[in-house]
Amino acid sequence: MADLRTLARKLKCSLLHRGTLPLAILILVFFWMVYLQPKVLSPIRKDVLVVTPWLAPIVWEGTFNIDILNEQFRLQNTTIGLTVFAIKKYVVFLKLFLETAEQHFMVGHQVTYYVFTDRPADVPQVPLGAGRRLVVLTVHSHTRWQDVSMHRMDTISRFSEQRFLREVDYLVCADVDMKFRDHVGVEILASLFGTLHPGFFQNSREDFTYERRPQSQAYIAWGEGDFYYMGAFFGGSVAEVLRLTKACHEAMVADKANGIEAVWHDESHLNKYLLYHKPTKVLSPEYLWDQQLLGWPAVMKKLRFVAVPKNHEAIRNP
C-alpha cells in the first residue's frame, strides 16, 4: 500500500504541474483509483470463513481496504459513539481503555465516549484528539456483578432513546477491562454487528454455552445456532442497538418474573437475539481476544482489542 501511495503522490504532483486536471477530478483519482484491483479468483484469505450463509461479511485482516472505507464514511460525516461501563472497581481500567482507544479506535473520525459510572469523580482526564469528546453519565451500581452486567442492556436502551439517536450514527458497546492493541476502525460498522467469542470460534454448536433451559427467554435448542457471540463487543446503528438492547432487557425482566436467570446473563440473551435477528456483519476474534489464555495462533494476523490481565474475583467483589 505504501508503494501505491508513493505513486499517487507522484501522479498528483505531475498533474498539478501540467495543470491538466481540475482539483475535483484530481481528488477522485488520488483517493479512488490508486489501489490494488480486487481479484475475483484470488481471495486474500483462504484459511477462514469470510462470509456467513446469510451473506454478512466476517471481518478478518486482509478482507478490507481501510483507505477506501475511511473515505466512504468521511463522505457521510459519520459519528460513532463508544459506550463503556466503569462501575465500582472497574473504573481502574478506564484510563488504559481510553488511552489505547485514542491510539487505535476510529482514528480520524468523530467519536463520543459515553462512560457510564457510579464514580464520576474517578474518571481520568485523558487528552482527546480533534473531533473526539468524553461524556460521563452517572448511573447506580448493583451489589452483584451479574446485575451490573445485565443492567447494561436497559441503560443502553434508555439512553439510546433519550439522546444517542440524536447525537451519533453508530454505537459500539464494549467492556472496560480491555485495551485496544491495534487498528479498530470503520470496517466494523454495519446496521448490526456481533463478535465471535474467542473461546468458541473453532467449535461446533454443540459446544456453545447457550442457555439450554426452555424456561428461559434466552433458550436455544440443541441443533440450533450459527456462532457464539461475546457480549463484550457488539454494536450497529443506534436504531438497531436500541432494538437489540430493549429486546434483551425485556427478556431478562420476563426471566426474573419467572424466577430464572440465564446461564451467561446478558450474553445469553444477546446470542438468542442474534440467532433470530442476523447481524449484518460479524467480527472475527481479532476484535476480542485474550492472549494470556489463548496465546497467538497463526490464524490471528492481528490482535486488535484484547483483555487486560486481572484477578476476576478481586475486581468483582466489594
# chains A, B, ... in the order shown; residues from 1 in each chain; ligands from 1

$ residues_around --residues "segment 114-124 of chain A" --least-positions-apart "5" --cutoff "8 Å" --atoms "only C-alpha atoms" --output "list in words"
Gly81, Leu82, Thr83, Val84, Phe85, Ala86, Ile87, Lys88, Val91, Leu94, Lys95, Leu134, Val135, Val136, Leu137, Thr138, Val139, His140 and Ser141 of chain A

$ residues_around --residues "Glu102 of chain A" --least-positions-apart "4" --cutoff "9 Å" --atoms "only C-alpha atoms" --output "list in words"
Phe97, Leu98, Met106, Val107, Val126, Pro127, Leu128, Gly129, Arg132 and Phe180 of chain A

$ select_by_dssp --residues "segment 170-274 of chain A" --states "helix (DSSP H, G or I)" --output "count of residues only"
36

$ closest_residue --among "A:Ala257, A:Val48, A:Leu171, A:Leu293" --to "Phe233 of chain A" --atoms "only C-alpha atoms"
A:Leu171

$ residues_around --residues "segment 201-205 of chain A" --least-positions-apart "4" --cutoff "8 Å" --atoms "only C-alpha atoms" --output "list in words"
Leu196, His197, Gly223, Glu224, Gly225, Asp226, Phe227, Tyr228 and Pro285 of chain A

$ residues_around --residues "Leu303 of chain A" --least-positions-apart "6" --cutoff "7 Å" --atoms "only C-alpha atoms" --output "JSON, numbers by chain"
{"A": [181, 182, 286, 287, 289]}
